[in-house]
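Okay, so here's the structure we're looking at.
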Amino acid sequence: MPSAPRRTSADSPTTSLGRRRFLSASGALGAGAALGGAAPASAVAGTGRRPVRPDEIVTLEARHLASAVKLRQVSCEEVMEAYLRHIEEFNPKVNAVVGMRDPEACLDEARERDRDLRRGRYLGWMHGLPHAVKDLSPAKGLPWTEGSPVHRHRIASTDALFVQRIKRSGAVVIGKTNTPEFGLGSQTYNSVWGTTGNAYDPSLTAGGSSGGAASAVALRMLPVADGSDYMGSLRNPAAFNGVVGFRPSAGRVPNPGYVAQLGTAGPMGRTVADVAALLSVMAGPDPSAPLGIDEDPEVFAASLKRDFRGTRIAWVGDWNGHLAFEPGVLDVCRRSFAAFESLGCTVDEAVPDMPPEEVWSTFLAWRWWNNLGLHDLYADPGTRSRMKPEAVWEVEHGVGLSALDISRAVAARDRFHQSLRRLFDTYDYVLAPTTQVFPYDKEVHWPASVGGRRMDTYHRWMETVAPWSLSGLPVAAVPAGLDAAGLPTGVQLIGKDRADLAVLQLAHAYEGAAAWASTTPPLLGRGQG
């Protein structure tokens with residue numbers, strides 16, 4: 001069991017990794033050698049195909065690595081060794097993976113996965129792949145702090161439903177990924193684990209609240225990652241780190257309960273196909289979730305190829321000047337149009353007919369209502385004093401809501417849904433900027449102004465993602481490119497109700513047509529695909 005977390009610096013996270021022992025062991029390794037006596041990849045026999053070299057392992061797309069494991073071109077132990085070494089090298093630069101298990105325990109579990117394969121037992125496409133769970137969700141035996149000092153010493157006694165599914169698919173959970181306190185704000189810092197740096201520049205923010213997941217995936221410390229999204233938490237960090245995040249339709253990844261709140265778990269990866277593969281594991285109905293979508297998730301594991309000639313896309317941009325943007329962000333986003341047009345799509349400027357001010361006020365009411373889940377902590381003066389100011393602000397506004405306020409917010413959300421239905425009468429998809437700023441100094445908690453406009457809340461600079469959270473529609477966040485300083489941003493691709501597969505198919509086609517697909521964070525250097 002990992003030791004209880006304690007506060008660390010952003011650049012030197014303290015976990016239960018056994019750093020000196022592991023560095024000593026891995027430092028003694030030559031190229032291609034294996035920790036703990038595993039056979040080198042070149043010795044894996046019986047596949048009829050070229051074995052995977054150890055220096056290739058972390059560069060492979062998740063699905064390709066999974067295929068190599070299944071075909072026994074590489075052992076699960078070798079995969080684990082490679083990722084643990086890679087984490088040792090890169091995690092101190094960005095502080096993305098936290099609360100790690102002892103490396104020997106991870107290797108023992110990887111060896112058990114190899115024994116499974118020798119016995120003819122293949123658990124699923126994630127068989128033997130290392131995985132880290134976002135620290136907002138419980139993973140049995142690991143810290144579950146939610147980035148809050150209130151829960152600094154809490155160890156999870158159970159797995160979240162999607163974590164159970166990831167384990168059943170064969171993954172080896174090695175630790176957690178960092179998140180802001182209670183997932184509030186798109187900047188991953190907290191007093192438990194520290195601050196997470198950006199994969200393109202560790203002095204800048206990785207975004208949030210799935211900032212640890214995005215930075216880790218971008219730097220090849222994880223094949224894929226889970227995240228969650230209430231206000232862009234899978235999308236903003238994907239844009240800031242040049243990876244793909246997917247916010248599924250409401251109910252696609254089941255949540256317990258009868259209220260269709262705005263938050264959902266979802267997948268993140270370096271390619272759209274990897275994201276779709278992880279969604280095939282996380283999605284699907286469950287008796288605990290009465291509002292879940294009762295459809296077979298295996299469809300997401302199939303080919304994403306499709307013809308998009310004649311497809312109509314609405315570009316909302318800055319919503320006719322309503323949204324403030326840092327100079328250059330919209331320019332990079334508009335570069336994505338060429339890739340869509342090369343596929344036979346048309347991109348036109350159009351916005352929903354509901355006033356954006358009403359959309360924003362409706363979103364705020366739903367969010368305040370949701371954060372009343374923190375009220376018990378707020379009500380206790382001892383724990384309230386340890387909550388971040390933004391959490392206190394959310395609860396205090398939630399307490400001020402009346403039943404009539406909530407009823408009106410529900411009605412307004414219904415009106416927004418109808419507004420989007422009218423937009424989709426003309427268009428097949430909607431395209432929107434994912435962020436309003438480029439990655440900024442990680443010591444700054446949130447931008448006080450954007451494009452010369454003062455931000456009146458801690459999250460107003462993220463308003464571009466809020467309408468699509470409110471909609472419950474499927475949204476893919478894909479890279480759009482880099483600015484002159486080499487910093488990434490991205491676009492959101494929004495589809496019709498429950499059209500998750502259609503969104504992933506267009507995102508996949510766009511990925512193949514866009515120039516960003518081969519972009520690599522400078523930290524990795526050349527040769528890291």
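Starting from 1 in every chain, residues are counted up; chains themselves are A, B, ... following the order of the structure tokens, and ligands are numbered from 1 as listed.
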Selection near segment 364-370 of chain A, 12 Å with only C-alpha atoms, sequence-local residues under 2 positions removed, as a ChimeraX atom specification = /A:182,184,230-231,259-263,357-362,372-375,390-413,457-460,463,466-467,469-471
Mind dumping the selected residues with N, CA and C atoms as a compact mmCIF listing (two decimals), in the first residue's frame?
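Result file selection_39.txt:
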```txt
# COMPACT_ATOMS: atom_id res chain seq x y z
N PHE A 182 -10.51 19.21 -5.83
CA PHE A 182 -11.89 18.88 -6.17
C PHE A 182 -12.17 19.05 -7.67
N LEU A 184 -11.63 21.65 -9.44
CA LEU A 184 -12.15 22.99 -9.73
C LEU A 184 -11.07 23.87 -10.36
N TYR A 230 -16.30 18.34 -16.39
CA TYR A 230 -17.50 19.12 -16.08
C TYR A 230 -17.45 20.42 -16.87
N MET A 231 -16.32 21.08 -16.80
CA MET A 231 -16.16 22.34 -17.54
C MET A 231 -14.86 22.30 -18.34
N VAL A 259 -30.14 12.35 -11.50
CA VAL A 259 -30.01 13.73 -11.97
C VAL A 259 -28.94 13.79 -13.05
N ALA A 260 -29.30 14.34 -14.19
CA ALA A 260 -28.38 14.42 -15.33
C ALA A 260 -27.48 15.64 -15.16
N GLN A 261 -26.58 15.56 -14.17
CA GLN A 261 -25.62 16.65 -13.99
C GLN A 261 -24.65 16.68 -15.17
N LEU A 262 -23.73 17.64 -15.17
CA LEU A 262 -22.93 17.90 -16.36
C LEU A 262 -21.61 17.14 -16.41
N GLY A 263 -21.18 16.54 -15.31
CA GLY A 263 -19.89 15.88 -15.28
C GLY A 263 -19.94 14.48 -15.85
N GLU A 357 -25.13 34.98 -22.98
CA GLU A 357 -25.20 35.37 -21.57
C GLU A 357 -26.15 34.44 -20.79
N GLU A 358 -27.25 34.05 -21.44
CA GLU A 358 -28.19 33.14 -20.79
C GLU A 358 -27.60 31.73 -20.67
N VAL A 359 -26.86 31.32 -21.68
CA VAL A 359 -26.20 30.02 -21.61
C VAL A 359 -25.23 29.99 -20.42
N TRP A 360 -24.45 31.07 -20.26
CA TRP A 360 -23.47 31.13 -19.18
C TRP A 360 -24.14 31.14 -17.81
N SER A 361 -25.17 31.93 -17.64
CA SER A 361 -25.84 32.00 -16.34
C SER A 361 -26.51 30.66 -16.00
N THR A 362 -27.00 29.98 -17.02
CA THR A 362 -27.59 28.65 -16.80
C THR A 362 -26.52 27.66 -16.36
N LEU A 372 -22.77 21.71 -4.39
CA LEU A 372 -23.33 21.53 -3.05
C LEU A 372 -22.96 20.16 -2.47
N GLY A 373 -22.42 19.29 -3.29
CA GLY A 373 -21.87 18.05 -2.79
C GLY A 373 -20.73 18.26 -1.81
N LEU A 374 -20.13 19.45 -1.82
CA LEU A 374 -19.06 19.79 -0.89
C LEU A 374 -19.59 20.48 0.37
N HIS A 375 -20.90 20.56 0.51
CA HIS A 375 -21.46 21.37 1.59
C HIS A 375 -21.08 20.85 2.97
N GLU A 390 -11.85 28.98 -4.26
CA GLU A 390 -12.80 28.74 -5.35
C GLU A 390 -13.85 27.71 -4.94
N ALA A 391 -13.46 26.71 -4.14
CA ALA A 391 -14.42 25.73 -3.66
C ALA A 391 -15.43 26.36 -2.72
N VAL A 392 -14.94 27.21 -1.83
CA VAL A 392 -15.84 27.93 -0.92
C VAL A 392 -16.80 28.81 -1.71
N TRP A 393 -16.30 29.50 -2.71
CA TRP A 393 -17.13 30.37 -3.57
C TRP A 393 -18.24 29.57 -4.23
N GLU A 394 -17.90 28.37 -4.75
CA GLU A 394 -18.90 27.54 -5.41
C GLU A 394 -20.01 27.15 -4.44
N VAL A 395 -19.63 26.68 -3.25
CA VAL A 395 -20.62 26.23 -2.28
C VAL A 395 -21.50 27.38 -1.81
N GLU A 396 -20.90 28.52 -1.56
CA GLU A 396 -21.67 29.66 -1.06
C GLU A 396 -22.70 30.12 -2.08
N HIS A 397 -22.36 30.06 -3.35
CA HIS A 397 -23.36 30.39 -4.37
C HIS A 397 -24.42 29.29 -4.47
N GLY A 398 -24.00 28.04 -4.30
CA GLY A 398 -24.97 26.96 -4.33
C GLY A 398 -25.98 27.05 -3.20
N VAL A 399 -25.51 27.40 -2.01
CA VAL A 399 -26.40 27.55 -0.87
C VAL A 399 -27.44 28.63 -1.12
N GLY A 400 -27.06 29.64 -1.90
CA GLY A 400 -27.98 30.74 -2.18
C GLY A 400 -29.04 30.43 -3.22
N LEU A 401 -28.94 29.28 -3.88
CA LEU A 401 -29.95 28.92 -4.88
C LEU A 401 -31.25 28.52 -4.20
N SER A 402 -32.36 28.96 -4.76
CA SER A 402 -33.67 28.51 -4.30
C SER A 402 -34.15 27.38 -5.21
N ALA A 403 -35.20 26.71 -4.77
CA ALA A 403 -35.81 25.68 -5.62
C ALA A 403 -36.27 26.28 -6.94
N LEU A 404 -36.76 27.52 -6.89
CA LEU A 404 -37.19 28.20 -8.11
C LEU A 404 -36.01 28.46 -9.04
N ASP A 405 -34.85 28.85 -8.46
CA ASP A 405 -33.65 29.07 -9.28
C ASP A 405 -33.27 27.79 -10.02
N ILE A 406 -33.31 26.67 -9.31
CA ILE A 406 -32.94 25.41 -9.94
C ILE A 406 -33.96 25.02 -11.01
N SER A 407 -35.23 25.23 -10.73
CA SER A 407 -36.26 24.93 -11.72
C SER A 407 -36.06 25.76 -12.98
N ARG A 408 -35.71 27.02 -12.80
CA ARG A 408 -35.47 27.88 -13.96
C ARG A 408 -34.23 27.45 -14.74
N ALA A 409 -33.19 27.00 -14.02
CA ALA A 409 -31.97 26.54 -14.69
C ALA A 409 -32.24 25.27 -15.50
N VAL A 410 -33.09 24.40 -14.97
CA VAL A 410 -33.47 23.19 -15.71
C VAL A 410 -34.24 23.56 -16.98
N ALA A 411 -35.16 24.51 -16.86
CA ALA A 411 -35.93 24.95 -18.03
C ALA A 411 -35.04 25.62 -19.06
N ALA A 412 -34.09 26.42 -18.59
CA ALA A 412 -33.18 27.10 -19.52
C ALA A 412 -32.29 26.09 -20.25
N ARG A 413 -31.88 25.05 -19.55
CA ARG A 413 -31.08 24.01 -20.22
C ARG A 413 -31.90 23.33 -21.30
N THR A 457 -14.94 35.76 -12.90
CA THR A 457 -14.90 34.56 -12.05
C THR A 457 -13.59 33.83 -12.33
N TYR A 458 -13.29 32.85 -11.48
CA TYR A 458 -12.04 32.10 -11.65
C TYR A 458 -12.05 31.20 -12.88
N HIS A 459 -13.24 30.99 -13.47
CA HIS A 459 -13.31 30.09 -14.62
C HIS A 459 -13.93 30.75 -15.85
N ARG A 460 -14.08 32.04 -15.85
CA ARG A 460 -14.70 32.71 -17.01
C ARG A 460 -13.84 32.59 -18.26
N GLU A 463 -14.95 29.83 -20.70
CA GLU A 463 -16.36 29.83 -21.09
C GLU A 463 -16.61 29.11 -22.40
N ALA A 466 -18.11 25.73 -21.83
CA ALA A 466 -19.30 25.58 -20.98
C ALA A 466 -20.57 25.21 -21.76
N PRO A 467 -20.85 25.82 -22.91
CA PRO A 467 -22.10 25.46 -23.61
C PRO A 467 -22.19 23.98 -23.94
N SER A 469 -20.70 21.46 -22.37
CA SER A 469 -20.99 20.70 -21.15
C SER A 469 -22.49 20.72 -20.87
N LEU A 470 -23.06 21.89 -20.97
CA LEU A 470 -24.49 22.07 -20.70
C LEU A 470 -25.33 21.24 -21.66
N SER A 471 -24.86 21.07 -22.87
CA SER A 471 -25.62 20.37 -23.91
C SER A 471 -25.72 18.87 -23.68
```
Would you give me, as a tab-separated table, each residue of segment 67-174 of chain A having an atom within 12 Å of an atom of segment 232-240 of chain A, along with its shortest atom pair and that distance in Å to one decimal, using only C-alpha atoms and sorting by chain and residue number?
```
residue	atom	partner	partner_atom	distance
A:Ala96	CA	A:Pro237	CA	11.9
A:Lys134	CA	A:Leu234	CA	11.0
A:Leu136	CA	A:Ser233	CA	11.5
```
query = Which one is closest to Gly292 of chain A: A:Phe325, A:Trp319, A:Tyr258, A:Trp516? Count only C-alpha atoms.
reply =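 Once distances to Gly292 of chain A are computed over only C-alpha atoms, the minimum belongs to A:Tyr258.
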Mind running segment 190-261 of chain A against segment 171-177 of chain A at 10 Å and telling me each contacting residue's nearest atom pair with the distance in Å (one decimal), counting only C-alpha atoms, chain and number ascending, as a tab-separated table?
```
residue	atom	partner	partner_atom	distance
A:Trp193	CA	A:Thr177	CA	9.9
A:Thr196	CA	A:Thr177	CA	9.5
A:Ser210	CA	A:Thr177	CA	7.7
A:Gly211	CA	A:Thr177	CA	7.9
A:Gly212	CA	A:Thr177	CA	4.8
A:Ala213	CA	A:Thr177	CA	5.5
A:Ala214	CA	A:Thr177	CA	9.0
A:Ser215	CA	A:Thr177	CA	9.3
A:Ala216	CA	A:Thr177	CA	8.0
A:Leu222	CA	A:Ile174	CA	10.0
A:Ala225	CA	A:Thr177	CA	8.7
A:Asp226	CA	A:Thr177	CA	9.1
A:Gly227	CA	A:Thr177	CA	8.9
```
request  = For Glu349 of chain A, please output as number ranges by chain all residues within 6 Å (counting only C-alpha atoms; exclusion window: fewer than 4 positions along the same chain).
outcome  = A: 314-316
Between atom CA of Asp102 of chain A and atom CA of Ser191 of chain A - distance in Å to one decimal =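 A separation of 22.7 Å between them.
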note = From atom CA of Val69 of chain A to atom CA of Asp274 of chain A the spacing works out at 15.4 Å
query = Which parts of segment 112-254 of chain A does DSSP call strand (DSSP E) when run on the backbone here, written out as a PyMOL selection string?
reply = chain A and resi 130-134+172-177+189-190+194-195+224-229+244-247
Go ahead and write the selection's residues with N, CA and C atoms as an mmCIF file, in the first residue's frame.
```cif
data_model
loop_
_atom_site.group_PDB
_atom_site.id
_atom_site.type_symbol
_atom_site.label_atom_id
_atom_site.label_comp_id
_atom_site.auth_asym_id
_atom_site.auth_seq_id
_atom_site.Cartn_x
_atom_site.Cartn_y
_atom_site.Cartn_z
ATOM 1 N N PRO A 130 0.303 -0.303 -18.518
ATOM 2 C CA PRO A 130 0.235 0.502 -17.298
ATOM 3 C C PRO A 130 -0.830 1.582 -17.416
ATOM 4 N N HIS A 131 -1.477 1.871 -16.293
ATOM 5 C CA HIS A 131 -2.532 2.888 -16.284
ATOM 6 C C HIS A 131 -2.502 3.631 -14.959
ATOM 7 N N ALA A 132 -2.765 4.930 -14.998
ATOM 8 C CA ALA A 132 -2.885 5.741 -13.780
ATOM 9 C C ALA A 132 -4.239 6.434 -13.803
ATOM 10 N N VAL A 133 -4.908 6.445 -12.656
ATOM 11 C CA VAL A 133 -6.279 6.939 -12.536
ATOM 12 C C VAL A 133 -6.269 8.375 -12.030
ATOM 13 N N LYS A 134 -7.051 9.225 -12.656
ATOM 14 C CA LYS A 134 -7.156 10.609 -12.196
ATOM 15 C C LYS A 134 -7.566 10.641 -10.723
ATOM 16 N N VAL A 172 -2.743 -2.657 -15.702
ATOM 17 C CA VAL A 172 -2.100 -2.664 -14.395
ATOM 18 C C VAL A 172 -2.085 -1.227 -13.888
ATOM 19 N N VAL A 173 -2.852 -0.943 -12.856
ATOM 20 C CA VAL A 173 -2.917 0.413 -12.318
ATOM 21 C C VAL A 173 -1.662 0.673 -11.491
ATOM 22 N N ILE A 174 -0.898 1.708 -11.867
ATOM 23 C CA ILE A 174 0.391 1.987 -11.235
ATOM 24 C C ILE A 174 0.353 3.194 -10.304
ATOM 25 N N GLY A 175 -0.698 4.009 -10.372
ATOM 26 C CA GLY A 175 -0.770 5.197 -9.544
ATOM 27 C C GLY A 175 -1.915 6.087 -9.967
ATOM 28 N N LYS A 176 -1.789 7.366 -9.677
ATOM 29 C CA LYS A 176 -2.819 8.363 -9.960
ATOM 30 C C LYS A 176 -2.231 9.454 -10.858
ATOM 31 N N THR A 177 -3.102 10.261 -11.444
ATOM 32 C CA THR A 177 -2.661 11.468 -12.154
ATOM 33 C C THR A 177 -3.181 12.692 -11.407
ATOM 34 N N TYR A 189 -2.990 22.448 -9.828
ATOM 35 C CA TYR A 189 -2.123 22.695 -8.677
ATOM 36 C C TYR A 189 -2.911 22.329 -7.428
ATOM 37 N N ASN A 190 -2.222 21.886 -6.417
ATOM 38 C CA ASN A 190 -2.847 21.638 -5.122
ATOM 39 C C ASN A 190 -1.760 21.542 -4.058
ATOM 40 N N GLY A 194 1.331 19.150 -5.368
ATOM 41 C CA GLY A 194 2.068 20.193 -6.071
ATOM 42 C C GLY A 194 1.414 20.549 -7.395
ATOM 43 N N THR A 195 2.185 21.162 -8.271
ATOM 44 C CA THR A 195 1.676 21.689 -9.545
ATOM 45 C C THR A 195 2.186 20.843 -10.706
ATOM 46 N N VAL A 224 -2.538 5.559 -22.530
ATOM 47 C CA VAL A 224 -3.784 6.325 -22.568
ATOM 48 C C VAL A 224 -4.097 6.712 -21.130
ATOM 49 N N ALA A 225 -5.107 7.542 -20.940
ATOM 50 C CA ALA A 225 -5.466 7.949 -19.579
ATOM 51 C C ALA A 225 -6.967 8.195 -19.495
ATOM 52 N N ASP A 226 -7.513 7.963 -18.294
ATOM 53 C CA ASP A 226 -8.869 8.403 -18.034
ATOM 54 C C ASP A 226 -8.837 9.827 -17.508
ATOM 55 N N GLY A 227 -9.936 10.515 -17.654
ATOM 56 C CA GLY A 227 -10.108 11.840 -17.081
ATOM 57 C C GLY A 227 -11.574 12.043 -16.794
ATOM 58 N N SER A 228 -11.918 13.244 -16.430
ATOM 59 C CA SER A 228 -13.325 13.594 -16.239
ATOM 60 C C SER A 228 -13.520 15.021 -16.708
ATOM 61 N N ASP A 229 -14.768 15.388 -16.958
ATOM 62 C CA ASP A 229 -15.029 16.678 -17.585
ATOM 63 C C ASP A 229 -16.364 17.225 -17.098
ATOM 64 N N VAL A 244 -5.443 14.270 -27.492
ATOM 65 C CA VAL A 244 -6.863 14.157 -27.806
ATOM 66 C C VAL A 244 -7.643 13.834 -26.530
ATOM 67 N N GLY A 245 -8.697 14.590 -26.274
ATOM 68 C CA GLY A 245 -9.599 14.280 -25.169
ATOM 69 C C GLY A 245 -11.005 14.129 -25.697
ATOM 70 N N PHE A 246 -11.774 13.257 -25.074
ATOM 71 C CA PHE A 246 -13.137 13.035 -25.549
ATOM 72 C C PHE A 246 -14.108 13.092 -24.389
ATOM 73 N N ARG A 247 -15.050 14.039 -24.482
ATOM 74 C CA ARG A 247 -16.150 14.126 -23.524
ATOM 75 C C ARG A 247 -17.335 13.377 -24.126
#
```
